[in-house]
Amino acid sequence: MTFDEEYRREVLEPARAAGDQPPEDLRVRYALADPLSGPGVEARVKQVRQCWRRARGQLKYRKLIDRLEAEHRELAPLFAAAGRGDLRALQERLAGGRERGERRRAQ
């Protein structure tokens, strides 16, 4: 199974089923692996965004991808810092994303 197929199955389809609501947890949204490393984060974000561009061609994903891209613009500084080796801001945001996701599921 290719990365795109797996990402669509594990991230895009559940997000679409939830009313085009992207995952709060950035580990899920960007398919980030542990342990985090600057080059690893940078490469994965690039791979995920390429997948978004390819998926955007399908009408069923267009609204979700537009939302993901809009939210990514706000998150880009975190990933730029991670690419330079400063993972602190990203790690703080990851911790907050898990908490927000848990609260949303509880509601």
# chains A, B, ... in the order shown; residues from 1 in each chain; ligands from 1
call {"tool": "residues_around", "arguments": {"residues": "segment 48-55 of chain A", "least_positions_apart": "4", "cutoff": "7 Å", "atoms": "only C-alpha atoms", "output": "PyMOL selection string"}}
result
chain A and resi 4+30+44+61+65
call {"tool": "closest_residue", "arguments": {"among": "A:Arg29, A:Lys63, A:Arg84, A:Lys46", "to": "Arg8 of chain A", "atoms": "only C-alpha atoms"}}
result
A:Arg29
call {"tool": "select_by_dssp", "arguments": {"residues": "segment 6-62 of chain A", "states": "helix (DSSP H, G or I)", "output": "MDAnalysis selection string"}}
result
chainID A and resid 6:17 26:29 38:56 59:62
call {"tool": "atom_distance", "arguments": {"atom1": "atom CA of Val41 of chain A", "atom2": "atom CA of Ala70 of chain A"}}
result
19.1 Å
call {"tool": "closest_residue", "arguments": {"among": "A:Ala18, A:Leu32, A:Leu12, A:Ala89", "to": "Arg62 of chain A", "atoms": "only C-alpha atoms"}}
result
A:Leu12
call {"tool": "atom_distance", "arguments": {"atom1": "atom CA of Glu5 of chain A", "atom2": "atom CA of Gly85 of chain A"}}
result
29.5 Å
call {"tool": "closest_residue", "arguments": {"among": "A:Arg93, A:Ala31, A:Leu36, A:Ala43", "to": "Leu75 of chain A", "atoms": "only C-alpha atoms"}}
result
A:Arg93
call {"tool": "closest_residue", "arguments": {"among": "A:Glu69, A:Glu42, A:Glu10, A:Glu24", "to": "Ala82 of chain A", "atoms": "only C-alpha atoms"}}
result
A:Glu42
call {"tool": "closest_residue", "arguments": {"among": "A:Arg56, A:Gln47, A:Ala15, A:Asp20", "to": "Phe3 of chain A", "atoms": "only C-alpha atoms"}}
result
A:Gln47
call {"tool": "closest_residue", "arguments": {"among": "A:Gln58, A:Gln21, A:Thr2, A:Ser37", "to": "Asp86 of chain A", "atoms": "only C-alpha atoms"}}
result
A:Ser37
